$ cat coords-v9.txt   # compact mmCIF, C-alpha atoms and all ligand atoms
# COMPACT_ATOMS: atom_id res chain seq x y z
CA MET A 30 35.71 -15.98 -7.98
CA VAL A 31 36.05 -15.94 -4.20
CA ASN A 32 36.43 -12.18 -4.01
CA SER A 33 33.99 -11.40 -6.74
CA ILE A 34 30.74 -12.74 -5.33
CA LYS A 35 28.43 -9.88 -4.54
CA MET A 36 25.15 -9.71 -2.68
CA VAL A 37 23.88 -7.47 -5.48
CA ASP A 38 25.51 -6.28 -8.71
CA LEU A 39 24.10 -2.88 -9.58
CA HIS A 40 27.09 -1.94 -11.72
CA GLY A 41 26.84 -5.07 -13.84
CA GLN A 42 23.14 -4.41 -14.36
CA TYR A 43 23.87 -0.80 -15.34
CA LEU A 44 26.50 -1.75 -17.91
CA LYS A 45 23.88 -3.66 -19.91
CA VAL A 46 21.69 -0.58 -20.32
CA LYS A 47 24.44 2.01 -20.09
CA GLU A 48 23.89 3.69 -23.43
CA GLU A 49 20.17 4.12 -22.99
CA VAL A 50 20.44 5.21 -19.39
CA ASP A 51 23.24 7.69 -20.09
CA GLN A 52 21.20 9.13 -22.94
CA ALA A 53 18.12 9.46 -20.74
CA ILE A 54 20.12 11.20 -18.02
CA GLN A 55 21.69 13.57 -20.55
CA THR A 56 18.28 14.44 -21.96
CA VAL A 57 17.03 15.45 -18.50
CA ILE A 58 20.18 17.49 -17.86
CA ASN A 59 19.78 19.26 -21.18
CA SER A 60 16.18 20.12 -20.34
CA SER A 61 17.08 21.22 -16.79
CA SER A 62 13.58 20.17 -15.69
CA PHE A 63 14.89 18.40 -12.65
CA ILE A 64 11.59 18.60 -10.78
CA ASN A 65 8.31 17.46 -12.36
CA GLY A 66 9.90 17.08 -15.78
CA SER A 67 7.95 15.23 -18.44
CA ALA A 68 9.80 11.97 -17.69
CA VAL A 69 7.98 11.75 -14.36
CA ASP A 70 4.47 11.55 -15.84
CA GLU A 71 5.72 9.30 -18.60
CA PHE A 72 7.13 6.83 -16.12
CA CYS A 73 3.94 6.88 -14.04
CA GLN A 74 1.91 6.04 -17.13
CA GLN A 75 4.27 3.26 -18.12
CA LEU A 76 4.14 1.71 -14.66
CA ALA A 77 0.33 1.99 -14.63
CA GLU A 78 0.28 0.13 -17.95
CA TYR A 79 2.70 -2.52 -16.69
CA LEU A 80 0.53 -3.13 -13.63
CA GLY A 81 -2.77 -2.69 -15.44
CA VAL A 82 -4.05 -0.12 -12.93
CA LYS A 83 -5.81 3.18 -13.47
CA LYS A 84 -3.30 5.43 -11.75
CA VAL A 85 0.26 5.58 -10.50
CA ILE A 86 1.49 8.53 -8.45
CA SER A 87 5.22 8.85 -7.94
CA CYS A 88 6.85 9.99 -4.73
CA ALA A 89 10.25 10.18 -3.07
CA ASN A 90 10.49 6.66 -1.63
CA GLY A 91 8.45 3.68 -0.51
CA THR A 92 8.24 4.80 3.10
CA ASP A 93 6.65 8.11 2.06
CA ALA A 94 4.32 6.12 -0.18
CA LEU A 95 3.05 4.24 2.88
CA GLN A 96 2.50 7.42 4.85
CA ILE A 97 0.72 9.09 1.94
CA SER A 98 -1.43 5.98 1.48
CA TYR A 99 -2.52 5.93 5.11
CA GLN A 100 -3.38 9.63 4.87
CA SER A 101 -5.22 9.20 1.58
CA LEU A 102 -7.39 6.52 3.16
CA GLY A 103 -8.34 9.07 5.81
CA LEU A 104 -6.86 7.07 8.68
CA LYS A 105 -6.94 9.05 11.93
CA PRO A 106 -5.00 8.90 15.21
CA GLY A 107 -6.06 5.83 17.18
CA ASP A 108 -7.20 3.89 14.13
CA GLU A 109 -5.78 0.38 14.20
CA VAL A 110 -3.78 -0.96 11.28
CA ILE A 111 -2.92 -4.64 11.10
CA MET A 112 0.51 -5.59 9.73
CA PRO A 113 3.09 -8.38 9.97
CA THR A 114 5.82 -8.16 12.62
CA PHE A 115 8.43 -9.91 10.46
CA ASN A 116 9.08 -7.06 8.06
CA TYR A 117 11.04 -3.97 7.18
CA VAL A 118 10.28 -1.04 9.48
CA ALA A 119 8.51 1.26 7.02
CA SER A 120 4.88 0.18 7.52
CA VAL A 121 4.96 0.52 11.32
CA GLU A 122 7.02 3.70 11.26
CA ALA A 123 4.72 5.57 8.90
CA ALA A 124 1.69 4.43 10.91
CA ALA A 125 3.24 5.50 14.21
CA LEU A 126 4.16 8.93 12.84
CA LEU A 127 0.50 9.54 11.98
CA GLY A 128 -0.65 8.43 15.44
CA LEU A 129 -2.24 5.26 14.09
CA LYS A 130 -2.03 2.15 16.24
CA PRO A 131 0.03 -0.60 14.61
CA VAL A 132 -1.31 -4.06 15.45
CA PHE A 133 1.09 -6.87 14.70
CA VAL A 134 0.30 -10.35 13.43
CA ASP A 135 2.63 -13.32 13.22
CA VAL A 136 3.80 -14.68 9.88
CA ARG A 137 3.82 -18.04 8.12
CA LYS A 138 7.03 -19.95 8.50
CA ASP A 139 6.87 -21.24 4.92
CA SER A 140 6.30 -18.02 2.96
CA PHE A 141 7.49 -15.48 5.60
CA ASN A 142 4.33 -13.50 4.81
CA ILE A 143 1.53 -12.48 7.19
CA ASN A 144 -0.39 -15.49 8.49
CA GLU A 145 -3.84 -14.87 7.08
CA ASN A 146 -5.36 -17.24 9.65
CA LEU A 147 -4.28 -15.03 12.54
CA ILE A 148 -5.68 -11.73 11.27
CA GLU A 149 -9.33 -12.06 12.27
CA GLU A 150 -8.58 -12.44 15.99
CA GLN A 151 -6.84 -9.04 15.92
CA ILE A 152 -9.76 -7.17 14.38
CA THR A 153 -11.53 -4.76 16.77
CA LYS A 154 -13.99 -1.89 16.37
CA ALA A 155 -11.00 0.41 15.86
CA THR A 156 -9.44 -1.64 13.05
CA LYS A 157 -9.46 0.28 9.78
CA ALA A 158 -6.89 -1.35 7.52
CA ILE A 159 -4.61 -4.29 6.82
CA VAL A 160 -1.13 -3.87 5.35
CA ALA A 161 -0.43 -6.88 3.16
CA VAL A 162 3.33 -6.99 2.72
CA HIS A 163 4.67 -9.07 -0.16
CA LEU A 164 7.98 -10.07 1.35
CA PHE A 165 11.15 -11.14 -0.49
CA GLY A 166 9.51 -11.15 -3.92
CA GLN A 167 6.43 -13.24 -3.26
CA SER A 168 2.77 -12.36 -2.79
CA ALA A 169 1.03 -12.64 0.54
CA ASN A 170 -2.00 -14.94 0.46
CA MET A 171 -4.37 -12.23 -0.77
CA GLU A 172 -7.66 -14.04 -1.25
CA PRO A 173 -8.45 -14.60 2.45
CA ILE A 174 -7.08 -11.15 3.27
CA LEU A 175 -9.37 -9.47 0.74
CA ASP A 176 -12.31 -11.56 2.00
CA LEU A 177 -11.69 -10.48 5.60
CA ALA A 178 -11.36 -6.88 4.51
CA GLN A 179 -14.69 -7.04 2.75
CA ARG A 180 -16.39 -8.78 5.66
CA PHE A 181 -15.18 -6.22 8.21
CA SER A 182 -15.13 -3.17 5.90
CA LEU A 183 -11.38 -2.70 6.15
CA LYS A 184 -9.04 -1.11 3.64
CA VAL A 185 -6.17 -3.12 2.19
CA ILE A 186 -2.81 -1.51 1.54
CA GLU A 187 -0.38 -3.66 -0.40
CA ASP A 188 3.29 -3.09 0.39
CA ASN A 189 4.80 -4.17 -2.90
CA ALA A 190 8.24 -2.65 -2.27
CA GLN A 191 10.00 -6.00 -2.61
CA SER A 192 7.79 -7.77 -5.11
CA LEU A 193 7.06 -5.68 -8.20
CA GLY A 194 6.28 -8.18 -10.97
CA ALA A 195 5.01 -10.94 -8.69
CA VAL A 196 1.69 -12.63 -9.45
CA TYR A 197 -1.00 -14.06 -7.19
CA THR A 198 -3.42 -16.76 -8.32
CA PHE A 199 -6.91 -16.80 -6.85
CA SER A 200 -8.74 -20.09 -6.21
CA ASN A 201 -10.82 -19.55 -9.36
CA GLY A 202 -7.66 -19.38 -11.43
CA VAL A 203 -7.65 -15.60 -11.91
CA GLU A 204 -4.13 -14.19 -11.78
CA LYS A 205 -3.35 -10.70 -10.55
CA MET A 206 -0.14 -8.82 -10.11
CA THR A 207 0.88 -7.75 -6.64
CA GLY A 208 0.18 -4.06 -6.21
CA THR A 209 -3.17 -4.26 -8.04
CA MET A 210 -5.44 -6.12 -5.62
CA GLY A 211 -5.91 -3.88 -2.58
CA ASP A 212 -7.41 -0.40 -2.28
CA ILE A 213 -4.01 1.20 -2.62
CA SER A 214 -0.47 -0.14 -3.08
CA ILE A 215 3.02 1.14 -2.54
CA HIS A 216 6.20 0.51 -4.50
CA SER A 217 9.86 1.33 -3.87
CA PHE A 218 12.62 1.92 -6.38
CA PHE A 219 15.46 1.66 -3.87
CA PRO A 220 18.39 0.40 -5.95
CA THR A 221 18.20 -3.24 -4.81
CA LYS A 222 14.46 -3.71 -5.39
CA ASN A 223 13.18 -5.55 -8.47
CA LEU A 224 13.01 -2.19 -10.29
CA GLY A 225 15.70 0.04 -8.83
CA CYS A 226 16.70 3.59 -9.65
CA PHE A 227 19.99 5.35 -8.92
CA GLY A 228 18.92 6.72 -5.57
CA ASP A 229 15.56 6.85 -3.81
CA GLY A 230 12.19 6.60 -5.48
CA GLY A 231 8.70 5.38 -4.76
CA ALA A 232 5.17 5.17 -6.08
CA ILE A 233 1.55 4.55 -5.16
CA SER A 234 -0.84 2.63 -7.40
CA THR A 235 -4.63 2.41 -7.22
CA ASN A 236 -7.75 1.86 -9.30
CA ASP A 237 -9.68 4.35 -7.17
CA MET A 238 -9.47 7.77 -8.83
CA GLU A 239 -10.63 9.59 -5.67
CA LEU A 240 -7.82 8.00 -3.68
CA ALA A 241 -5.40 8.78 -6.49
CA LYS A 242 -6.39 12.45 -6.43
CA LYS A 243 -5.92 12.61 -2.68
CA ALA A 244 -2.57 10.82 -2.80
CA LEU A 245 -1.31 13.21 -5.45
CA MET A 246 -2.48 16.22 -3.49
CA ILE A 247 -0.97 14.99 -0.21
CA SER A 248 2.37 14.29 -1.86
CA ARG A 249 2.37 17.86 -3.24
CA HIS A 250 1.95 19.73 0.07
CA GLY A 251 -1.81 19.16 0.07
CA GLN A 252 -1.99 21.82 -2.59
CA GLY A 253 -5.06 22.26 -4.80
CA GLN A 254 -4.88 25.47 -6.78
CA LYS A 255 -1.43 26.98 -6.54
CA TYR A 256 -0.82 28.21 -2.98
CA ASN A 257 -4.18 26.88 -1.82
CA TYR A 258 -3.66 24.09 0.67
CA GLU A 259 -6.65 21.79 1.02
CA MET A 260 -5.17 19.27 3.41
CA ILE A 261 -2.03 18.66 5.41
CA GLY A 262 0.47 17.14 3.02
CA CYS A 263 4.15 16.62 2.58
CA ASN A 264 6.77 17.18 -0.09
CA SER A 265 7.49 13.84 -1.70
CA ARG A 266 8.57 13.79 -5.33
CA LEU A 267 10.37 11.44 -7.67
CA ASP A 268 13.27 13.30 -9.34
CA THR A 269 13.02 13.64 -13.11
CA LEU A 270 16.44 11.99 -13.40
CA GLN A 271 15.25 8.95 -11.48
CA ALA A 272 12.05 8.76 -13.51
CA ALA A 273 14.04 8.81 -16.75
CA ILE A 274 16.28 6.01 -15.51
CA LEU A 275 13.26 4.01 -14.32
CA SER A 276 11.59 4.26 -17.73
CA VAL A 277 14.62 2.65 -19.34
CA LYS A 278 14.79 -0.07 -16.70
CA LEU A 279 11.04 -0.77 -16.64
CA LYS A 280 11.36 -2.03 -20.22
CA LYS A 281 13.83 -4.62 -18.88
CA LEU A 282 11.83 -5.58 -15.82
CA LYS A 283 10.42 -8.74 -17.39
CA SER A 284 13.90 -9.96 -18.22
CA TYR A 285 15.20 -8.94 -14.78
CA ILE A 286 12.48 -11.03 -13.18
CA LYS A 287 13.22 -13.91 -15.52
CA SER A 288 16.88 -13.82 -14.43
CA ARG A 289 15.92 -13.72 -10.76
CA ARG A 290 13.52 -16.62 -11.18
CA GLU A 291 16.09 -18.69 -13.03
CA ALA A 292 18.60 -18.06 -10.27
CA GLY A 293 15.94 -18.96 -7.71
CA PHE A 294 15.21 -22.26 -9.44
CA ILE A 295 18.90 -23.09 -9.56
CA TYR A 296 19.24 -22.53 -5.82
CA ASN A 297 16.09 -24.61 -5.25
CA GLN A 298 17.65 -27.44 -7.19
CA LEU A 299 21.09 -27.19 -5.61
CA LEU A 300 19.52 -27.21 -2.14
CA GLN A 301 17.00 -29.93 -2.86
CA ASN A 302 18.64 -32.76 -0.94
CA ILE A 303 20.28 -30.81 1.82
CA LYS A 304 18.28 -31.61 4.92
CA GLU A 305 19.95 -28.95 7.08
CA VAL A 306 18.63 -26.16 4.88
CA VAL A 307 15.01 -25.19 4.30
CA GLY A 308 14.63 -23.26 1.08
CA PRO A 309 11.98 -20.66 0.37
CA PHE A 310 8.51 -21.95 -0.27
CA GLY A 311 6.12 -21.67 -2.96
CA GLU A 312 7.16 -22.04 -6.53
CA ASN A 313 4.33 -24.49 -6.99
CA SER A 314 1.64 -22.24 -5.69
CA MET A 315 2.99 -18.73 -6.05
CA TYR A 316 4.99 -16.92 -8.65
CA HIS A 317 8.14 -15.82 -6.84
CA THR A 318 10.29 -12.96 -8.14
CA TYR A 319 13.15 -13.74 -5.74
CA ASN A 320 14.00 -10.22 -4.71
CA GLN A 321 15.70 -12.12 -1.92
CA TYR A 322 16.54 -15.81 -1.69
CA VAL A 323 16.05 -16.60 1.98
CA ILE A 324 16.89 -19.95 3.52
CA LYS A 325 16.39 -21.18 7.07
CA LEU A 326 19.03 -23.07 9.02
CA LYS A 327 20.26 -23.79 12.54
CA ASP A 328 23.54 -22.21 13.71
CA ARG A 329 22.82 -19.39 11.31
CA ASP A 330 25.24 -16.86 12.81
CA LYS A 331 28.18 -19.28 12.78
CA ILE A 332 27.44 -20.34 9.22
CA LYS A 333 27.11 -16.74 8.09
CA GLU A 334 30.55 -15.94 9.52
CA ASP A 335 32.15 -19.03 7.97
CA LEU A 336 30.61 -18.16 4.62
CA ARG A 337 32.03 -14.66 4.90
CA LEU A 338 35.51 -16.03 5.60
CA ALA A 339 35.18 -18.22 2.50
CA GLY A 340 34.23 -15.22 0.36
CA VAL A 341 30.46 -15.69 0.27
CA PRO A 342 28.44 -12.68 1.41
CA SER A 343 25.01 -13.13 2.96
CA MET A 344 22.54 -10.95 4.83
CA ILE A 345 20.02 -11.35 7.62
CA TYR A 346 16.53 -10.09 6.80
CA TYR A 347 15.48 -9.54 9.55
CA PRO A 348 17.50 -9.97 12.74
CA SER A 349 14.67 -8.81 15.00
CA PRO A 350 10.89 -8.68 14.58
CA LEU A 351 9.30 -5.25 14.77
CA HIS A 352 7.37 -5.99 17.98
CA LEU A 353 10.67 -6.33 19.88
CA GLN A 354 12.28 -3.14 18.56
CA ASN A 355 12.96 -0.43 21.16
CA ALA A 356 11.19 2.22 19.10
CA TYR A 357 7.94 0.26 19.28
CA ALA A 358 8.20 -0.98 22.86
CA TYR A 359 5.43 1.51 23.73
CA LEU A 360 3.00 -0.78 21.91
CA GLY A 361 3.43 -3.22 24.79
CA TYR A 362 4.41 -6.39 22.99
CA VAL A 363 6.81 -8.85 24.65
CA ARG A 364 8.99 -11.75 23.59
CA GLY A 365 6.85 -14.80 22.97
CA ASP A 366 3.97 -12.84 21.43
CA PHE A 367 4.82 -13.90 17.88
CA PRO A 368 6.82 -17.13 18.10
CA VAL A 369 7.15 -17.81 14.37
CA ALA A 370 8.60 -14.39 13.61
CA GLU A 371 10.92 -14.63 16.60
CA THR A 372 12.26 -18.02 15.49
CA LEU A 373 12.64 -16.89 11.89
CA CYS A 374 14.81 -14.01 13.04
CA GLN A 375 17.23 -16.60 14.46
CA GLU A 376 17.23 -18.82 11.39
CA VAL A 377 16.91 -16.77 8.19
CA LEU A 378 19.80 -16.10 5.86
CA ALA A 379 19.59 -14.35 2.51
CA LEU A 380 21.98 -15.69 -0.12
CA PRO A 381 23.31 -13.54 -2.98
CA ILE A 382 20.74 -13.19 -5.75
CA HIS A 383 20.52 -10.59 -8.49
CA THR A 384 20.07 -10.26 -12.22
CA GLU A 385 23.74 -10.80 -13.02
CA ILE A 386 24.56 -13.84 -10.86
CA THR A 387 26.09 -16.80 -12.73
CA LEU A 388 25.57 -20.54 -12.42
CA GLN A 389 29.22 -20.93 -11.39
CA GLU A 390 28.78 -18.41 -8.60
CA GLN A 391 25.65 -20.13 -7.36
CA GLN A 392 27.38 -23.53 -7.43
CA PHE A 393 30.30 -22.09 -5.50
CA ILE A 394 27.97 -20.50 -2.95
CA ILE A 395 26.12 -23.77 -2.29
CA GLU A 396 29.31 -25.88 -2.23
CA THR A 397 30.74 -23.47 0.31
CA LEU A 398 27.52 -23.58 2.31
CA LEU A 399 27.69 -27.38 2.36
CA GLN A 400 31.30 -27.40 3.53
CA THR A 401 30.41 -24.91 6.21
CA ILE A 402 27.54 -27.08 7.45
CA ASP A 403 29.72 -30.22 7.38
CA LYS A 404 32.31 -28.52 9.56
CA LEU A 405 29.81 -27.81 12.34
C1 LIG A 501 12.20 -1.18 0.83
C2 LIG A 501 10.92 -1.31 1.55
C3 LIG A 501 10.04 -0.23 1.79
C4 LIG A 501 10.29 1.19 1.44
O1 LIG A 501 11.54 1.51 1.18
P1 LIG A 501 12.15 2.93 0.80
O2 LIG A 501 13.59 2.72 1.12
O3 LIG A 501 11.50 3.95 1.68
O4 LIG A 501 11.89 3.18 -0.63
C5 LIG A 501 8.82 -0.51 2.39
N1 LIG A 501 8.48 -1.75 2.73
C6 LIG A 501 9.27 -2.81 2.51
C7 LIG A 501 8.80 -4.17 2.86
C8 LIG A 501 10.53 -2.62 1.93
O5 LIG A 501 11.33 -3.68 1.73

$ encode --input "coords-v9.txt" --output "structure tokens" --more "lines below"
Ligand SMILES: *Cc1c(COP(=O)(O)O)cnc(C)c1O
Amino acid sequence: MVNSIKMVDLHGQYLKVKEEVDQAIQTVINSSSFINGSAVDEFCQQLAEYLGVKKVISCANGTDALQISYQSLGLKPGDEVIMPTFNYVASVEAAALLGLKPVFVDVRKDSFNINENLIEEQITKATKAIVAVHLFGQSANMEPILDLAQRFSLKVIEDNAQSLGAVYTFSNGVEKMTGTMGDISIHSFFPTKNLGCFGDGGAISTNDMELAKKALMISRHGQGQKYNYEMIGCNSRLDTLQAAILSVKLKKLKSYIKSRREAGFIYNQLLQNIKEVVGPFGENSMYHTYNQYVIKLKDRDKIKEDLRLAGVPSMIYYPSPLHLQNAYAYLGYVRGDFPVAETLCQEVLALPIHTEITLQEQQFIIETLLQTIDKL
């Protein structure tokens, strides 16, 4: 057991769909349509159906999807885009590359998501959009974000890279899936995401057919008629092989999410009475897909090392907030600007969670965690 605990178990997940996946791969190889094969459109339609949106456009990865989304919305150099500082780098990077001005906002210490109460004070005449990131498998608090966006005529981009399959409940009881509420949404099929392919992959979803047309054009070199370039674009495609694999795995997504949620509940229960550990928030109010199971604790680095020595892997998402990264120092932020994010970076620890994890493994992980804490 000690040597077998994995942060993720992609091979175990593959073995359960091996026949279907191998068949799908072989079919693509036999057709030799490696680029823009029929499996690509088929997958886009299936994902659109799963989400209940009008259009899904595939692309090479989630980071490209963000860049293409910003461009599709017509954002121009100098336009301000509000986003959380406790996050993966993609949203700020894509914005910076286009000359947009990233504007950071602190996050909530319970859900790790953007603090909706701190957004309005960052809105200026130059603000054009808000990136609502659904971190670790759980929706950001969308209702107030969508209200603000409407009030100030801002666009909302949902970064759903980590949370495909999550659900948000509005105050009137209406439930919507993440990736269907904003103007445009991005998804990633990086292998460890809720729906992972065997390499890189990404997609954009929207109910706005004009935006969809633009996003498709931008991702295909800005090409209209063949060899007529209507706008500056890029080359960002989902391989046919990846699309074929994703179609097989999309059919299992509900059961993958069920497994993740069950594992999440088990951790919640095992951690219930451990005062040194704060578990992730929200099962009562928000449907969590547990792409990551992130706890907070003091002496995090020491505990992480002791866990490692005892055969329990863990990860730190994220060790530094984006506003303190060298690459974004030019934005002028300093330590102390976003105290919640800065503290979280000292305290967060992601425990192993994936579709194949067993109860015994989870029990071992938490027992080991307890012993480690007791030794401090
Ligand atoms: C994974 C991820 C992305 C995009 O990832 P790619 O590796 O480019 O597919 C974007 N945003 C967040 C929050 C992510 O976790």

$ residues_around --input "coords-v9.txt" --residues "stretch 348-350 of chain A" --least-positions-apart "3" --cutoff "12 Å" --atoms "all atoms listed in the file" --output "ChimeraX atom specification"
/A:112-118,121,133-136,141,329-330,344-345,353-358,362-379

$ residues_near_ligand --input "coords-v9.txt" --ligand "ligand LIG 501 (chain A)" --cutoff "6 Å" --atoms "only C-alpha atoms and all ligand atoms" --output "list in words"
Asn90, Gly91, Thr92, Asn116, Tyr117, Ala119, Asp188, Ala190, Gln191, Ser217, Phe218, Phe219, Gly230 and Gly231 of chain A

$ residues_around --input "coords-v9.txt" --residues "A:Gln52" --least-positions-apart "4" --cutoff "12 Å" --atoms "all atoms listed in the file" --output "PDB file with C-alpha atoms, in the frame of the given file"
ATOM      1  CA  VAL A  46      21.690  -0.580 -20.320  1.00  0.00           C
ATOM      2  CA  LYS A  47      24.440   2.010 -20.090  1.00  0.00           C
ATOM      3  CA  GLU A  48      23.890   3.690 -23.430  1.00  0.00           C
ATOM      4  CA  THR A  56      18.280  14.440 -21.960  1.00  0.00           C
ATOM      5  CA  VAL A  57      17.030  15.450 -18.500  1.00  0.00           C
ATOM      6  CA  ILE A  58      20.180  17.490 -17.860  1.00  0.00           C
ATOM      7  CA  ASN A  59      19.780  19.260 -21.180  1.00  0.00           C
ATOM      8  CA  LEU A 270      16.440  11.990 -13.400  1.00  0.00           C
ATOM      9  CA  ALA A 273      14.040   8.810 -16.750  1.00  0.00           C
ATOM     10  CA  ILE A 274      16.280   6.010 -15.510  1.00  0.00           C
ATOM     11  CA  SER A 276      11.590   4.260 -17.730  1.00  0.00           C
ATOM     12  CA  VAL A 277      14.620   2.650 -19.340  1.00  0.00           C
TER      13      VAL A 277
END

$ atom_distance --input "coords-v9.txt" --atom1 "atom CA of A:Asn236" --atom2 "atom CA of A:Lys83"
4.8 Å

$ atom_distance --input "coords-v9.txt" --atom1 "atom CA of A:Arg266" --atom2 "atom CA of A:Asn65"
7.9 Å
